[in-house]
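**Student:** This is structure-v7.tsv, which holds TSV, C-alpha atoms:
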chain	number	residue	atom	x	y	z
A	1	MET	CA	2.63	-3.76	37.86
A	2	THR	CA	4.20	-1.63	35.16
A	3	THR	CA	3.01	-4.11	32.56
A	4	ARG	CA	-0.51	-4.04	33.92
A	5	ILE	CA	-0.66	-0.24	33.83
A	6	GLY	CA	0.71	-0.44	30.31
A	7	ALA	CA	-2.02	-2.84	29.23
A	8	VAL	CA	-4.78	-0.82	30.87
A	9	GLY	CA	-3.34	2.39	29.41
A	10	GLY	CA	-3.20	0.76	26.00
A	11	ALA	CA	-6.82	-0.33	26.19
A	12	PHE	CA	-7.82	3.17	27.30
A	13	PHE	CA	-5.84	4.66	24.40
A	14	MET	CA	-7.65	2.34	21.98
A	15	LEU	CA	-11.01	3.35	23.42
A	16	LEU	CA	-10.17	7.06	23.12
A	17	ALA	CA	-8.85	6.62	19.62
A	18	CYS	CA	-12.07	4.91	18.56
A	19	THR	CA	-14.48	7.35	20.12
A	20	GLY	CA	-12.69	10.27	18.53
A	21	ILE	CA	-9.17	11.55	18.62
A	22	THR	CA	-6.82	11.67	21.55
A	23	GLN	CA	-5.36	15.05	22.40
A	24	ALA	CA	-1.92	13.63	21.65
A	25	GLN	CA	-2.38	12.78	18.00
A	26	THR	CA	-3.54	14.37	14.78
A	27	ILE	CA	-5.55	12.82	11.98
A	28	SER	CA	-5.74	13.75	8.30
A	29	TYR	CA	-8.01	16.64	7.33
A	30	ALA	CA	-10.02	14.09	5.34
A	31	ASP	CA	-10.59	11.86	8.39
A	32	ALA	CA	-11.33	14.94	10.51
A	33	MET	CA	-14.04	15.94	8.03
A	34	SER	CA	-15.44	12.38	7.93
A	35	LEU	CA	-15.78	12.43	11.71
A	36	LEU	CA	-17.42	15.85	11.67
A	37	SER	CA	-19.84	14.73	8.99
A	38	LYS	CA	-20.61	11.44	10.78
A	39	ASP	CA	-21.15	12.93	14.24
A	40	CYS	CA	-22.49	16.40	13.35
A	41	GLY	CA	-24.03	15.90	9.89
A	42	ALA	CA	-27.57	15.53	11.25
A	43	ASP	CA	-27.15	18.60	13.47
A	44	VAL	CA	-25.79	20.61	10.54
A	45	LYS	CA	-28.86	19.70	8.49
A	46	LYS	CA	-31.14	20.52	11.42
A	47	PHE	CA	-29.62	23.75	12.73
A	48	CYS	CA	-27.20	25.17	10.16
A	49	LYS	CA	-29.02	25.14	6.82
A	50	GLY	CA	-27.38	27.37	4.22
A	51	LEU	CA	-24.20	27.79	6.27
A	52	ASN	CA	-20.78	26.77	5.06
A	53	LEU	CA	-17.60	25.10	6.23
A	54	GLY	CA	-15.56	28.23	5.57
A	55	ASN	CA	-15.27	31.28	7.84
A	56	ASN	CA	-16.14	29.10	10.86
A	57	GLU	CA	-19.84	29.29	9.91
A	58	ILE	CA	-20.57	25.65	10.73
A	59	ARG	CA	-18.43	25.66	13.87
A	60	ASN	CA	-20.04	28.84	15.23
A	61	CYS	CA	-23.49	27.55	14.38
A	62	LEU	CA	-22.97	24.16	16.07
A	63	GLU	CA	-21.46	25.75	19.17
A	64	GLY	CA	-24.57	27.89	19.63
A	65	GLN	CA	-27.14	25.12	19.21
A	66	PRO	CA	-28.39	22.22	21.35
A	67	VAL	CA	-26.48	19.63	19.29
A	68	SER	CA	-25.80	16.04	20.39
A	69	SER	CA	-23.09	15.55	23.02
A	70	GLN	CA	-21.22	13.34	20.53
A	71	CYS	CA	-21.20	16.23	18.04
A	72	THR	CA	-19.94	18.66	20.69
A	73	ALA	CA	-17.10	16.31	21.62
A	74	THR	CA	-16.20	15.58	17.99
A	75	LEU	CA	-16.28	19.25	17.01
A	76	ALA	CA	-13.80	20.05	19.80
A	77	SER	CA	-11.43	17.17	19.01
A	78	VAL	CA	-11.60	17.72	15.25
A	79	THR	CA	-10.89	21.43	15.67
A	80	ALA	CA	-7.93	20.66	17.95
A	81	SER	CA	-6.54	18.07	15.53
A	82	ILE	CA	-6.79	20.41	12.53
A	83	GLU	CA	-5.07	23.22	14.45
A	84	ARG	CA	-2.29	20.96	15.64
A	85	ARG	CA	-1.71	19.51	12.17
A	86	LEU	CA	-1.71	22.96	10.56
A	87	ALA	CA	0.85	24.19	13.12
A	88	ALA	CA	3.05	21.12	12.57
A	89	GLN	CA	2.93	21.40	8.77
A	90	ALA	CA	3.84	25.08	8.98
A	91	SER	CA	6.81	24.49	11.28
A	92	VAL	CA	8.27	21.06	10.44
A	93	PHE	CA	11.18	22.37	8.43
A	94	LYS	CA	12.01	25.00	11.04
A	95	ILE	CA	11.82	22.52	13.92
A	96	CYS	CA	13.91	19.99	11.97
A	97	ALA	CA	16.39	22.51	10.52
A	98	SER	CA	19.36	21.50	12.67
A	99	ASN	CA	18.65	17.79	12.13
A	100	ALA	CA	18.44	18.39	8.39
A	101	ASN	CA	21.73	20.32	8.43
A	102	GLN	CA	23.38	17.55	10.37
A	103	HIS	CA	21.97	14.43	8.73
A	104	CYS	CA	20.81	15.54	5.28
A	105	LYS	CA	23.74	17.62	4.02
A	106	GLY	CA	23.40	18.50	0.35
A	107	VAL	CA	19.79	17.30	0.14
A	108	VAL	CA	17.73	19.88	-1.74
A	109	GLY	CA	13.98	20.50	-1.72
A	110	GLU	CA	11.37	19.97	0.98
A	111	VAL	CA	10.22	16.62	-0.34
A	112	HIS	CA	13.73	15.15	-0.37
A	113	ILE	CA	14.66	16.65	2.99
A	114	LEU	CA	11.48	15.15	4.44
A	115	GLN	CA	12.36	11.72	3.01
A	116	CYS	CA	15.86	12.03	4.47
A	117	LEU	CA	14.52	13.06	7.90
A	118	ILE	CA	12.17	10.06	7.94
A	119	LYS	CA	15.12	7.76	7.14
A	120	THR	CA	17.27	9.32	9.88
A	121	GLU	CA	14.42	9.27	12.39
A	122	ARG	CA	16.41	7.31	15.01
A	123	ILE	CA	18.97	10.08	15.34
A	124	ASP	CA	16.62	13.06	14.86
A	125	SER	CA	15.36	15.07	17.84
A	126	ALA	CA	12.10	13.99	19.47
A	127	LYS	CA	10.57	17.36	18.58
A	128	CYS	CA	11.43	16.91	14.92
A	129	THR	CA	10.01	13.38	14.66
A	130	GLN	CA	6.89	14.48	16.56
A	131	ALA	CA	6.40	17.40	14.15
A	132	ILE	CA	6.64	15.06	11.14
A	133	THR	CA	4.10	12.72	12.76
A	134	ASP	CA	1.73	15.58	13.62
A	135	ALA	CA	2.06	16.94	10.09
A	136	GLY	CA	0.91	13.54	8.77
A	137	TRP	CA	3.87	13.26	6.44
A	138	ARG	CA	5.12	9.74	7.21
B	1	MET	CA	13.45	-1.95	38.49
B	2	ALA	CA	15.38	-0.83	35.43
B	3	LEU	CA	14.31	-2.43	32.17
B	4	THR	CA	16.83	-4.40	30.14
B	5	GLU	CA	17.45	-3.42	26.51
B	6	THR	CA	15.38	-6.41	25.35
B	7	GLN	CA	12.45	-5.42	27.57
B	8	LYS	CA	12.64	-1.85	26.26
B	9	GLY	CA	12.71	-3.17	22.72
B	10	ILE	CA	9.64	-5.32	23.30
B	11	LYS	CA	7.81	-2.41	24.93
B	12	THR	CA	8.59	-0.15	21.96
B	13	MET	CA	7.45	-2.85	19.55
B	14	LEU	CA	4.18	-3.33	21.44
B	15	ARG	CA	3.57	0.41	21.48
B	16	ARG	CA	4.15	0.65	17.73
B	17	LEU	CA	1.88	-2.32	17.12
B	18	LEU	CA	-0.85	-0.69	19.21
B	19	ILE	CA	-0.55	2.58	17.29
B	20	ALA	CA	-0.58	0.70	13.99
B	21	LEU	CA	-3.70	-1.21	15.04
B	22	VAL	CA	-5.77	1.86	15.87
B	23	PRO	CA	-6.73	2.73	12.27
B	24	LEU	CA	-7.68	-0.92	11.64
B	25	VAL	CA	-9.88	-1.09	14.71
B	26	CYS	CA	-11.54	2.22	13.88
B	27	LEU	CA	-12.48	1.65	10.26
B	28	GLY	CA	-15.99	2.84	11.05
B	29	ILE	CA	-14.98	6.43	10.20
B	30	GLN	CA	-15.64	6.31	6.46
B	31	PRO	CA	-19.07	6.00	4.95
B	32	ALA	CA	-19.26	2.64	3.22
B	33	GLY	CA	-19.99	2.25	-0.45
B	34	ALA	CA	-19.32	5.79	-1.67
B	35	GLN	CA	-16.37	6.18	-4.02
B	36	GLN	CA	-13.71	7.95	-2.05
B	37	ILE	CA	-10.88	9.87	-3.60
B	38	THR	CA	-7.60	9.81	-1.76
B	39	GLU	CA	-4.91	12.38	-1.08
B	40	HIS	CA	-2.48	10.23	-3.10
B	41	GLN	CA	-4.72	10.19	-6.18
B	42	LEU	CA	-4.97	13.97	-6.02
B	43	ILE	CA	-1.25	14.52	-5.50
B	44	GLY	CA	-0.42	12.02	-8.25
B	45	SER	CA	-2.59	13.86	-10.78
B	46	LEU	CA	-1.81	17.45	-9.78
B	47	ASP	CA	1.94	17.01	-9.40
B	48	LYS	CA	2.64	16.40	-13.11
B	49	MET	CA	3.50	19.97	-14.08
B	50	ALA	CA	5.30	20.43	-17.40
B	51	ALA	CA	8.38	22.65	-17.29
B	52	ALA	CA	6.73	25.40	-19.33
B	53	ALA	CA	3.21	25.68	-18.01
B	54	PRO	CA	0.99	28.02	-20.02
B	55	MET	CA	0.07	31.24	-18.23
B	56	VAL	CA	-3.57	31.52	-17.19
B	57	ASP	CA	-5.25	34.86	-16.56
B	58	VAL	CA	-8.22	34.18	-14.28
B	59	GLY	CA	-9.78	37.59	-15.02
B	60	LEU	CA	-9.89	36.74	-18.73
B	61	LEU	CA	-11.50	33.36	-17.98
B	62	ILE	CA	-14.31	35.11	-16.13
B	63	GLU	CA	-14.75	37.68	-18.93
B	64	GLU	CA	-14.87	34.99	-21.61
B	65	ALA	CA	-17.40	32.92	-19.64
B	66	ASN	CA	-19.63	35.93	-18.92
B	67	SER	CA	-19.81	37.00	-22.57
B	68	ASN	CA	-20.50	33.45	-23.83
B	69	ALA	CA	-23.19	32.17	-21.47
B	70	GLY	CA	-25.27	29.57	-23.28
B	71	ARG	CA	-22.79	29.13	-26.12
B	72	GLY	CA	-20.06	26.93	-24.58
B	73	ILE	CA	-16.57	27.92	-23.51
B	74	ALA	CA	-14.27	24.91	-23.90
B	75	ALA	CA	-12.98	26.14	-27.27
B	76	LEU	CA	-12.42	29.77	-26.23
B	77	PRO	CA	-8.78	30.94	-26.20
B	78	ASN	CA	-8.25	31.25	-22.45
B	79	TRP	CA	-10.39	28.28	-21.41
B	80	SER	CA	-8.84	25.89	-23.93
B	81	VAL	CA	-5.41	26.43	-22.32
B	82	LEU	CA	-6.69	24.80	-19.10
B	83	ALA	CA	-6.84	21.38	-20.77
B	84	GLU	CA	-3.01	21.34	-20.92
B	85	LEU	CA	-2.59	21.67	-17.16
B	86	PRO	CA	-2.50	18.90	-14.48
B	87	GLN	CA	-6.00	18.49	-13.09
B	88	PHE	CA	-8.44	16.35	-11.16
B	89	ALA	CA	-12.24	16.41	-11.04
B	90	VAL	CA	-14.16	15.73	-7.84
B	91	ASP	CA	-17.82	15.57	-6.87
B	92	ILE	CA	-18.90	17.98	-4.19
B	93	GLU	CA	-22.56	18.08	-3.21
B	94	PHE	CA	-24.23	21.38	-2.33
B	95	GLU	CA	-27.62	22.16	-0.83
B	96	ASN	CA	-30.16	22.78	-3.56
B	97	ASN	CA	-29.61	26.17	-5.27
B	98	SER	CA	-27.25	27.16	-2.44
B	99	VAL	CA	-23.52	27.56	-1.83
B	100	ALA	CA	-23.64	25.44	1.34
B	101	ILE	CA	-21.53	22.29	0.99
B	102	GLU	CA	-23.40	19.15	2.12
B	103	PRO	CA	-21.84	17.37	5.15
B	104	GLN	CA	-21.43	14.22	3.02
B	105	SER	CA	-18.88	16.18	0.93
B	106	TYR	CA	-16.86	17.57	3.85
B	107	ARG	CA	-14.43	14.68	3.48
B	108	THR	CA	-13.63	15.65	-0.12
B	109	ILE	CA	-12.76	19.18	1.03
B	110	GLY	CA	-10.52	17.59	3.67
B	111	VAL	CA	-8.81	15.40	1.04
B	112	ILE	CA	-8.11	18.50	-1.07
B	113	ALA	CA	-6.67	20.26	2.01
B	114	ASP	CA	-4.43	17.23	2.76
B	115	ALA	CA	-3.14	17.28	-0.83
B	116	LEU	CA	-2.59	21.04	-1.15
B	117	HIS	CA	-0.65	21.18	2.14
B	118	HIS	CA	1.65	18.35	1.08
B	119	PRO	CA	5.26	19.43	0.33
B	120	LEU	CA	4.81	18.17	-3.26
B	121	LEU	CA	2.00	20.65	-3.95
B	122	ARG	CA	2.18	23.38	-1.39
B	123	ASN	CA	4.20	25.79	-3.52
B	124	TYR	CA	1.73	25.72	-6.40
B	125	ARG	CA	-1.28	27.84	-7.25
B	126	PHE	CA	-4.60	26.12	-7.97
B	127	LEU	CA	-7.71	27.01	-9.88
B	128	ILE	CA	-11.05	25.71	-8.62
B	129	VAL	CA	-13.57	25.47	-11.46
B	130	GLY	CA	-17.24	24.91	-10.69
B	131	HIS	CA	-19.48	23.20	-13.28
B	132	THR	CA	-23.26	22.68	-13.39
B	133	ASN	CA	-25.43	20.61	-15.67
B	134	ALA	CA	-27.68	22.30	-18.24
B	135	THR	CA	-30.92	22.76	-16.35
B	136	GLY	CA	-32.12	26.29	-15.65
B	137	LYS	CA	-30.80	29.52	-17.13
B	138	PRO	CA	-27.15	29.56	-18.35
B	139	GLU	CA	-26.49	32.92	-16.67
B	140	HIS	CA	-27.81	31.65	-13.35
B	141	ASN	CA	-25.72	28.49	-13.66
B	142	LEU	CA	-22.62	30.55	-14.39
B	143	GLU	CA	-23.18	32.68	-11.29
B	144	LEU	CA	-24.06	29.72	-9.03
B	145	SER	CA	-21.00	27.75	-10.15
B	146	LEU	CA	-18.74	30.73	-9.45
B	147	GLN	CA	-20.23	31.18	-5.98
B	148	ARG	CA	-19.85	27.47	-5.25
B	149	ALA	CA	-16.23	27.45	-6.42
B	150	ASN	CA	-15.70	30.45	-4.16
B	151	ALA	CA	-17.28	28.62	-1.20
B	152	ILE	CA	-14.74	25.82	-1.67
B	153	LYS	CA	-11.93	28.35	-1.92
B	154	VAL	CA	-13.05	30.07	1.30
B	155	ALA	CA	-13.34	26.73	3.15
B	156	LEU	CA	-9.78	25.83	2.09
B	157	MET	CA	-8.46	29.30	3.00
B	158	THR	CA	-10.13	29.64	6.40
B	159	THR	CA	-10.79	26.18	7.86
B	160	PHE	CA	-7.58	24.75	6.40
B	161	SER	CA	-5.36	27.86	6.17
B	162	ILE	CA	-4.33	27.41	2.52
B	163	PRO	CA	-2.68	30.75	1.65
B	164	ALA	CA	-4.86	33.08	-0.45
B	165	ASN	CA	-2.18	33.42	-3.14
B	166	GLN	CA	-2.48	29.68	-3.84
B	167	LEU	CA	-6.18	29.64	-4.70
B	168	GLU	CA	-8.31	31.02	-7.53
B	169	ALA	CA	-11.96	30.25	-8.25
B	170	VAL	CA	-14.06	30.52	-11.42
B	171	GLY	CA	-17.42	29.26	-12.55
B	172	ALA	CA	-17.95	27.49	-15.86
B	173	GLY	CA	-21.71	27.08	-15.39
B	174	GLN	CA	-23.11	24.62	-17.92
B	175	GLU	CA	-20.68	25.78	-20.60
B	176	TRP	CA	-18.15	22.94	-20.45
B	177	PRO	CA	-20.07	19.68	-20.02
B	178	LEU	CA	-18.18	16.47	-19.43
B	179	ASP	CA	-20.61	14.82	-21.81
B	180	GLY	CA	-21.66	17.26	-24.56
B	181	THR	CA	-24.26	14.84	-25.93
B	182	SER	CA	-26.25	14.89	-22.66
B	183	PRO	CA	-25.61	18.30	-21.08
B	184	LYS	CA	-28.50	17.87	-18.60
B	185	ASP	CA	-26.96	14.76	-17.07
B	186	ALA	CA	-26.03	15.18	-13.38
B	187	LYS	CA	-22.55	13.81	-14.12
B	188	ASN	CA	-21.67	17.17	-15.67
B	189	ARG	CA	-21.88	18.74	-12.22
B	190	ARG	CA	-18.34	18.63	-10.89
B	191	VAL	CA	-15.47	20.63	-9.48
B	192	GLN	CA	-12.13	20.71	-11.25
B	193	LEU	CA	-8.88	21.42	-9.49
B	194	ILE	CA	-6.23	22.68	-11.88
B	195	ASN	CA	-2.56	23.29	-11.12
B	196	LEU	CA	-1.66	26.76	-12.44
B	197	GLY	CA	2.06	26.46	-11.75
B	198	PRO	CA	4.29	27.85	-8.99
B	199	ALA	CA	2.66	30.33	-6.59
B	200	ARG	CA	4.10	33.80	-6.71
Translate the structure of the given file into C-alpha cells.

**Tutor:**
Amino acid sequence: MTTRIGAVGGAFFMLLACTGITQAQTISYADAMSLLSKDCGADVKKFCKGLNLGNNEIRNCLEGQPVSSQCTATLASVTASIERRLAAQASVFKICASNANQHCKGVVGEVHILQCLIKTERIDSAKCTQAITDAGWR
Amino acid sequence: MALTETQKGIKTMLRRLLIALVPLVCLGIQPAGAQQITEHQLIGSLDKMAAAAPMVDVGLLIEEANSNAGRGIAALPNWSVLAELPQFAVDIEFENNSVAIEPQSYRTIGVIADALHHPLLRNYRFLIVGHTNATGKPEHNLELSLQRANAIKVALMTTFSIPANQLEAVGAGQEWPLDGTSPKDAKNRRVQLINLGPAR
C-alpha cells in the first residue's frame, strides 16, 4: 500500500513539476524567466506593450488582464519560486551558522563554507540543507 | 510496519532518482535553437578580478560620453579603463525604440540574476553598459542605450532584489562598436556587464 501511494505520489509530483513548479521547490531565475516567457509571452505582447520586467510592471499588467489560465498559473508559481529562492539565498548562512561552526571550523569565505556544508550534508540540519537546495547552490 | 534500513535506503534512492529525472523529463522549458548563455559562463568570466582593479567613476563615464556623441568613446580616459575589467557581453532584445525588454530576453535577465546572487559574485559591484548600432542620431542612441541599461538595472533591483549599491548603468550609444568597420551592423547592439570590484 505504502509503495503504491509512493508511486502514485511520484507520478503526481512529475506531472506537477512538468506543468510548472511545485510549491515545494525552487527553480533558477533563468528557468523561471523562461517559463514566464513561454507561458505569458504572447499575453505580454498583447496586453503589456511598453511595460517592463522591473517594478512589477509586467506582473501587475498580467494580473489585471484576461490572460490565458496557463499564464495565470505560471505567473503565480514563478513569483512564488523567485520569492522563495531570494529568501533562501539571503538566509542560508544564517540558517546554517551553527552547522558551519560545528562542521566547518576554520573554513573562511562564503564560497568555501558553502562547499564544506554541501560535503557535510548528511550531518547538517534539515533546515540548512533545505535552504541550500532552495538557494540553488548545489 | 517499520521499514528496514535497506528498504529506507532504496526509498531514498528512488526519491533522489525521481528528483534527478524531473529536469530531464521537462526539457521543454528552453526555446530550442537560440544560443543560451549560462550562469556558469557569466560567473566564470566575471569572477576574474585582478587584485588591484582600476577605480571607475560612473559620473565621469556619463560626462565623457555626453560630450563626445558621434565621435567614439573607447579611447577616452575613463572609458578605456573598462577594458581592463572582467566582463561579459549579452544580447538583450527590446521593443523597437522602447525600454521594454522583449519576453524572449527575460531568460537572459534571469541568468544575470542567478550569477549576481551567487556567493562568488554577490559582494561585487557591476556596471551595465548599453550599446546600440549606428543608425539614427548619436545623441538619441546615447540616451536610448542609457535608458535601456537602466531598465535592466531596475529589473535586477526590483524583480530579483539585487542591492542598489551593486548596480550601475551607463549608455555608450553607438560610440563603442564591437566592429568599427561596420558600425551599422546589428551585432554592435549589446549589453556589457562589467565587474567594478568589491561593493562598498

**Student:** For B:Gln41, which of B:Asp185, B:Glu93, B:Asp114, B:Glu139 is the closest residue, counting all atoms listed in the file?

**Tutor:**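 Closest to B:Gln41 of all the choices is B:Asp114.
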
**Student:** Quick one: which chain B residues come within 6 Å of chain A, and what is the nearest atom pair for each with the distance in Å to one decimal, counting only C-alpha atoms, rows ordered by chain and ascending number, as JSON lines?

**Tutor:**
{"residue": "B:Cys26", "atom": "CA", "partner": "A:Cys18", "partner_atom": "CA", "distance": 5.4}
{"residue": "B:Ala100", "atom": "CA", "partner": "A:Asn52", "partner_atom": "CA", "distance": 4.9}
{"residue": "B:Pro103", "atom": "CA", "partner": "A:Ser37", "partner_atom": "CA", "distance": 5.1}
{"residue": "B:Tyr106", "atom": "CA", "partner": "A:Met33", "partner_atom": "CA", "distance": 5.3}
{"residue": "B:Arg107", "atom": "CA", "partner": "A:Met33", "partner_atom": "CA", "distance": 4.7}
{"residue": "B:Gly110", "atom": "CA", "partner": "A:Ala30", "partner_atom": "CA", "distance": 3.9}
{"residue": "B:Val111", "atom": "CA", "partner": "A:Ala30", "partner_atom": "CA", "distance": 4.7}
{"residue": "B:Asp114", "atom": "CA", "partner": "A:Tyr29", "partner_atom": "CA", "distance": 5.8}
{"residue": "B:Pro119", "atom": "CA", "partner": "A:Val111", "partner_atom": "CA", "distance": 5.7}
{"residue": "B:Val154", "atom": "CA", "partner": "A:Gly54", "partner_atom": "CA", "distance": 5.3}
{"residue": "B:Ala155", "atom": "CA", "partner": "A:Gly54", "partner_atom": "CA", "distance": 3.6}
{"residue": "B:Thr158", "atom": "CA", "partner": "A:Asn55", "partner_atom": "CA", "distance": 5.6}
{"residue": "B:Thr159", "atom": "CA", "partner": "A:Gly54", "partner_atom": "CA", "distance": 5.7}

**Student:** As a list of chain:residue names, please: the residues near B:Leu178 (cut-off 12 Å, all atoms listed in the file, same-chain neighbours under 6 positions excluded).

**Tutor:**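 Skipping anything fewer than 6 positions along the chain leaves B:Gly72, B:Ala74, B:Ala89, B:His131, B:Thr132, B:Asn133, B:Ala134, B:Ala172, B:Lys184, B:Asp185, B:Ala186, B:Lys187, B:Asn188, B:Arg189, B:Arg190, B:Val191, B:Gln192.
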
**Student:** Which residue gives the smallest distance to A:Ile132 among A:Val107, A:Cys61, A:Ile95, A:Ala80, with all atoms listed in the file counted?

**Tutor:**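 Of the candidates, the smallest distance to A:Ile132 is held by A:Ile95.
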
**Student:** Could you tell me how far atom CA of B:Val90 lies from atom CA of B:Gln104, in Å and to one decimal?

**Tutor:**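 Value for the atom CA of B:Val90-atom CA of B:Gln104 distance: 13.2 Å.
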
**Student:** Identify which of the residues B:Ile128, B:Ile162, B:Ile73, B:Met55 lies closest to B:Gln174, counting all atoms listed in the file when measuring atom-to-atom distances.

**Tutor:** B:Ile73

**Student:** Check the smallest atom-to-atom distance from each of B:Gly70, B:Leu116, B:Phe88, B:Ile152 to B:Pro183 using only C-alpha atoms, then report the winner.

**Tutor:** B:Gly70
